[in-house]
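Shown next, in structure tokens, is the structure this report addresses.
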Amino acid sequence: MRPVAAEEIESLAIGAWILGTGGGGSPYLALLNMRQAYRQGVVCQLMDASELADDDLVAVVSNMGAPLVGQERLTDPKTMALAVTMMEEYLGRKFRALMSLEIGGGNSIQPFMGAAVLGLPVIDGDCMGRAFPEAQMTSFAIHDLRMYPLTLADVRDNAVVVARAASWKWMERISRKACVEVGSVASTCKAPRTGKEIKECAILGSTTKAIGIGRAVQAARRAHHDPIDAVLEVADGIKIFAGKIHDIARRTTEGFLRGTATIEGLDDFRGHTFRLAFQNEFAVGWLDGEPRVMTPDLICVLDTVAGDAIGTETLRYGQRVTVVALPAPPILLTPKGIETAHRHRRGRHQHRRGAARGGPRRGGGEDAHHPGRHHRHHPRPRRARDPGARRPRSAGGDDRHHPLHQRGGAAA
């Protein structure tokens, strides 16, 4: 266990925002909370998972909701700590440490916010190695660990305990509904994990990795080097595209931020177009209509000059951006990992599969490829052309005595 310096929190915010692949929420407001805590004398501790006893309990925490809403409805350390203490009261046991659900974006700092209030250490790891839009897309789900209970708290002092769920997907659906009802942003404590489960099933070292990426960007800026190159080198990434944001279509619905963004190429990519589809996080990218990159690999959109990540909620027309791809954690590349990461493409999000064949439609939004929006499955019968044609009567001739034309037993 070691203390985490204030400068490392700054680096964590930069690196985790990049690993967030557009989601996880902007780390800026969480960073402001941590700056204030450190000015008040708080120093958080980072704990290696190997220091856990097998029967220790770890609180896995995150903010849940739409990133765009998180910019307006602020959470604070006390709300995150409340979700943790609710879980302790429900279990009748104390936690040994906190850990982030996802290392991406502001959720990487949420356990530090809770730890600053509760005086607990933070585990160096998470269960995604990035950010994902749905809570069941985790290494714990891949290992078939139990998904309940879950606690949820918001700034209005609403509190919810989900005592049981039939599956990971049901836990996501139930907790997402509760989150939407309290305003599409809330602090959550997921199912508690034992030290043994953390050591065997978590994605370890991701906090240190995020700090390292942030430091590389900061060092490049100080040396007036290209921060994009620094990210590619330290994170073993590849450059996919560079250009200017040309078009954005997005909306907040059912606790998610969904939409598409189009980038017009500049410099070496002039004359080409890159299009992204996202659900909180960037999910797939098409180069000139052909699939180029998709989850579970990390699709990161960075400011071309500063190297800062740009979230799905902060995309703006005219921004100069560079799209890079970073490798996914190995567990997400297993057959079950890929299945888990791609579950959100099924069902009501089936449009993404169709989109991958030719790219999303212009300004398509989330249901652009749903047939009901563009054509009818069964065409309506054509009306009679002759305006004087009479409606055919029922077999009995006069249809005035048909039940639909009767009121209170009296004939029309």
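If you're wondering about the labels, chains in the structure tokens are A, B, ... by order shown, residues count from 1 in each chain, ligands from 1 in order shown.
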
Contacts of Gln71 (chain A) within 12 Å, only C-alpha atoms, excl. fewer than 6 positions in-chain, as a PyMOL selection string
chain A and resi 24-30+65+106+184-185+311+313-314

Grab the residues selected above and save them as a PDB file, in the first residue's frame with N, CA and C atoms.
```pdb
ATOM      1  N   GLY A  24     -17.750   7.003 -19.197  1.00  0.00           N
ATOM      2  CA  GLY A  24     -17.272   7.038 -17.817  1.00  0.00           C
ATOM      3  C   GLY A  24     -17.502   8.367 -17.142  1.00  0.00           C
ATOM      4  N   GLY A  25     -17.969   9.355 -17.906  1.00  0.00           N
ATOM      5  CA  GLY A  25     -18.196  10.689 -17.356  1.00  0.00           C
ATOM      6  C   GLY A  25     -16.914  11.500 -17.313  1.00  0.00           C
ATOM      7  N   SER A  26     -17.034  12.776 -17.569  1.00  0.00           N
ATOM      8  CA  SER A  26     -15.859  13.648 -17.497  1.00  0.00           C
ATOM      9  C   SER A  26     -15.262  13.603 -16.099  1.00  0.00           C
ATOM     10  N   PRO A  27     -13.934  13.476 -15.990  1.00  0.00           N
ATOM     11  CA  PRO A  27     -13.305  13.442 -14.663  1.00  0.00           C
ATOM     12  C   PRO A  27     -13.143  14.813 -14.029  1.00  0.00           C
ATOM     13  N   TYR A  28     -13.507  15.867 -14.728  1.00  0.00           N
ATOM     14  CA  TYR A  28     -13.179  17.216 -14.249  1.00  0.00           C
ATOM     15  C   TYR A  28     -13.818  17.522 -12.904  1.00  0.00           C
ATOM     16  N   LEU A  29     -15.111  17.272 -12.762  1.00  0.00           N
ATOM     17  CA  LEU A  29     -15.785  17.603 -11.509  1.00  0.00           C
ATOM     18  C   LEU A  29     -15.300  16.728 -10.363  1.00  0.00           C
ATOM     19  N   ALA A  30     -15.045  15.450 -10.648  1.00  0.00           N
ATOM     20  CA  ALA A  30     -14.475  14.577  -9.617  1.00  0.00           C
ATOM     21  C   ALA A  30     -13.087  15.057  -9.221  1.00  0.00           C
ATOM     22  N   GLY A  65     -25.377   6.340 -15.098  1.00  0.00           N
ATOM     23  CA  GLY A  65     -26.245   7.282 -15.774  1.00  0.00           C
ATOM     24  C   GLY A  65     -25.680   7.780 -17.080  1.00  0.00           C
ATOM     25  N   GLY A 106     -14.483   9.721 -15.338  1.00  0.00           N
ATOM     26  CA  GLY A 106     -14.651  10.124 -13.950  1.00  0.00           C
ATOM     27  C   GLY A 106     -14.861   8.971 -12.994  1.00  0.00           C
ATOM     28  N   SER A 184     -31.275  10.180 -13.929  1.00  0.00           N
ATOM     29  CA  SER A 184     -30.266   9.642 -14.870  1.00  0.00           C
ATOM     30  C   SER A 184     -28.828   9.847 -14.418  1.00  0.00           C
ATOM     31  N   VAL A 185     -28.622  10.030 -13.128  1.00  0.00           N
ATOM     32  CA  VAL A 185     -27.263   9.965 -12.571  1.00  0.00           C
ATOM     33  C   VAL A 185     -27.371   9.640 -11.088  1.00  0.00           C
ATOM     34  N   GLY A 311     -15.083  13.341 -24.643  1.00  0.00           N
ATOM     35  CA  GLY A 311     -16.168  12.417 -24.345  1.00  0.00           C
ATOM     36  C   GLY A 311     -17.317  12.560 -25.323  1.00  0.00           C
ATOM     37  N   GLU A 313     -20.215  13.280 -24.650  1.00  0.00           N
ATOM     38  CA  GLU A 313     -21.042  14.419 -24.276  1.00  0.00           C
ATOM     39  C   GLU A 313     -20.361  15.748 -24.579  1.00  0.00           C
ATOM     40  N   THR A 314     -19.062  15.744 -24.893  1.00  0.00           N
ATOM     41  CA  THR A 314     -18.339  16.998 -25.138  1.00  0.00           C
ATOM     42  C   THR A 314     -17.897  17.154 -26.585  1.00  0.00           C
TER      43      THR A 314
END
```

Run DSSP on the backbone and tell me which residues of region 12-123 of chain A come out as helix (DSSP H, G or I); list them as an MDAnalysis selection string.
chainID A and resid 12:19 28:39 49:51 67:70 77:91 105:108 110:118

Contacts of Ile240 (chain A) at 10 Å (only C-alpha atoms; same-chain gap of 5+ positions) as a short mmCIF file (atom, residue, chain, number, x, y, z; two decimals) with N, CA and C atoms, in the first residue's frame:
```cif
data_model
loop_
_atom_site.label_atom_id
_atom_site.label_comp_id
_atom_site.auth_asym_id
_atom_site.auth_seq_id
_atom_site.Cartn_x
_atom_site.Cartn_y
_atom_site.Cartn_z
N PHE A 269 -5.43 12.51 -44.06
CA PHE A 269 -6.74 11.87 -44.21
C PHE A 269 -7.73 12.73 -45.00
N PHE A 274 -14.77 9.66 -41.53
CA PHE A 274 -14.84 8.66 -40.46
C PHE A 274 -16.10 8.91 -39.65
N GLY A 285 -16.44 2.28 -35.39
CA GLY A 285 -16.07 3.36 -36.29
C GLY A 285 -15.93 2.85 -37.71
N LEU A 287 -14.58 3.82 -41.62
CA LEU A 287 -13.76 4.66 -42.49
C LEU A 287 -14.31 4.55 -43.91
N ARG A 292 -13.89 -0.11 -39.41
CA ARG A 292 -12.44 0.02 -39.18
C ARG A 292 -12.03 -0.40 -37.78
N VAL A 293 -12.87 -0.12 -36.79
CA VAL A 293 -12.54 -0.45 -35.40
C VAL A 293 -13.84 -0.59 -34.62
N ILE A 299 -11.76 2.64 -28.50
CA ILE A 299 -11.82 3.69 -29.50
C ILE A 299 -11.77 5.02 -28.76
N CYS A 300 -10.69 5.75 -28.93
CA CYS A 300 -10.46 6.98 -28.17
C CYS A 300 -10.40 8.16 -29.12
N VAL A 301 -11.16 9.20 -28.82
CA VAL A 301 -11.14 10.44 -29.60
C VAL A 301 -10.40 11.49 -28.77
N THR A 322 -8.27 13.49 -33.18
CA THR A 322 -7.55 12.31 -33.68
C THR A 322 -8.17 11.09 -33.04
N VAL A 323 -8.50 10.10 -33.84
CA VAL A 323 -9.07 8.85 -33.35
C VAL A 323 -7.96 7.82 -33.25
N VAL A 324 -7.79 7.25 -32.07
CA VAL A 324 -6.79 6.20 -31.88
C VAL A 324 -7.47 4.96 -31.33
N ALA A 325 -6.86 3.83 -31.54
CA ALA A 325 -7.36 2.55 -31.02
C ALA A 325 -6.30 1.97 -30.09
#
```

Would you pick out the contacts of Ala37 (chain A) at 9 Å or less, using only C-alpha atoms, so that residues sharing its chain but fewer than 5 positions from it are not included, and give the list as a PyMOL selection string?
chain A and resi 32+42-43+113+116-117

Separation of CA of Val122 (chain A) from CA of Val61 (chain A), in Å and rounded to one decimal
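Value for the CA of Val122 (chain A)-CA of Val61 (chain A) distance: 10.6 Å.
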
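The protein and nucleic acid residues lying at most 6 Å from region 9-21 of chain A are Ala6, Gly24, Pro27, Ile103, Gly104, Gly105, Arg130, Ala131, Ala210, Ile211, Ile213, Gly214, Arg215, Glu281, Phe282, Leu298, Ile299, Cys300 and Ala309 of chain A, with only C-alpha atoms considered and sequence neighbours fewer than 3 positions away removed.
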
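Of the listed residues (A:Lys196, A:Gly114, A:Ala135, A:Arg156), A:Ala135 comes nearest to Arg173 (chain A); the distances count only C-alpha atoms.
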
Give me, as a ChimeraX atom specification, the residues of region 66-281 of chain A that a backbone DSSP run labels strand (DSSP E).
/A:97-100,122-123,125-126,150-153,159-162,185-189,193-194,203-204,238-253,256-265,273-279,281

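Near Ala283 (chain A), within a cut-off of 7 Å and counting only C-alpha atoms, sit the residues Ala277, Phe278, Gln279, Glu281, Met294 and Thr295 of chain A, with same-chain residues fewer than 2 positions away left out.
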
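Take CA of Ala261 (chain A) and CA of Thr304 (chain A): the distance between them is 16.4 Å.
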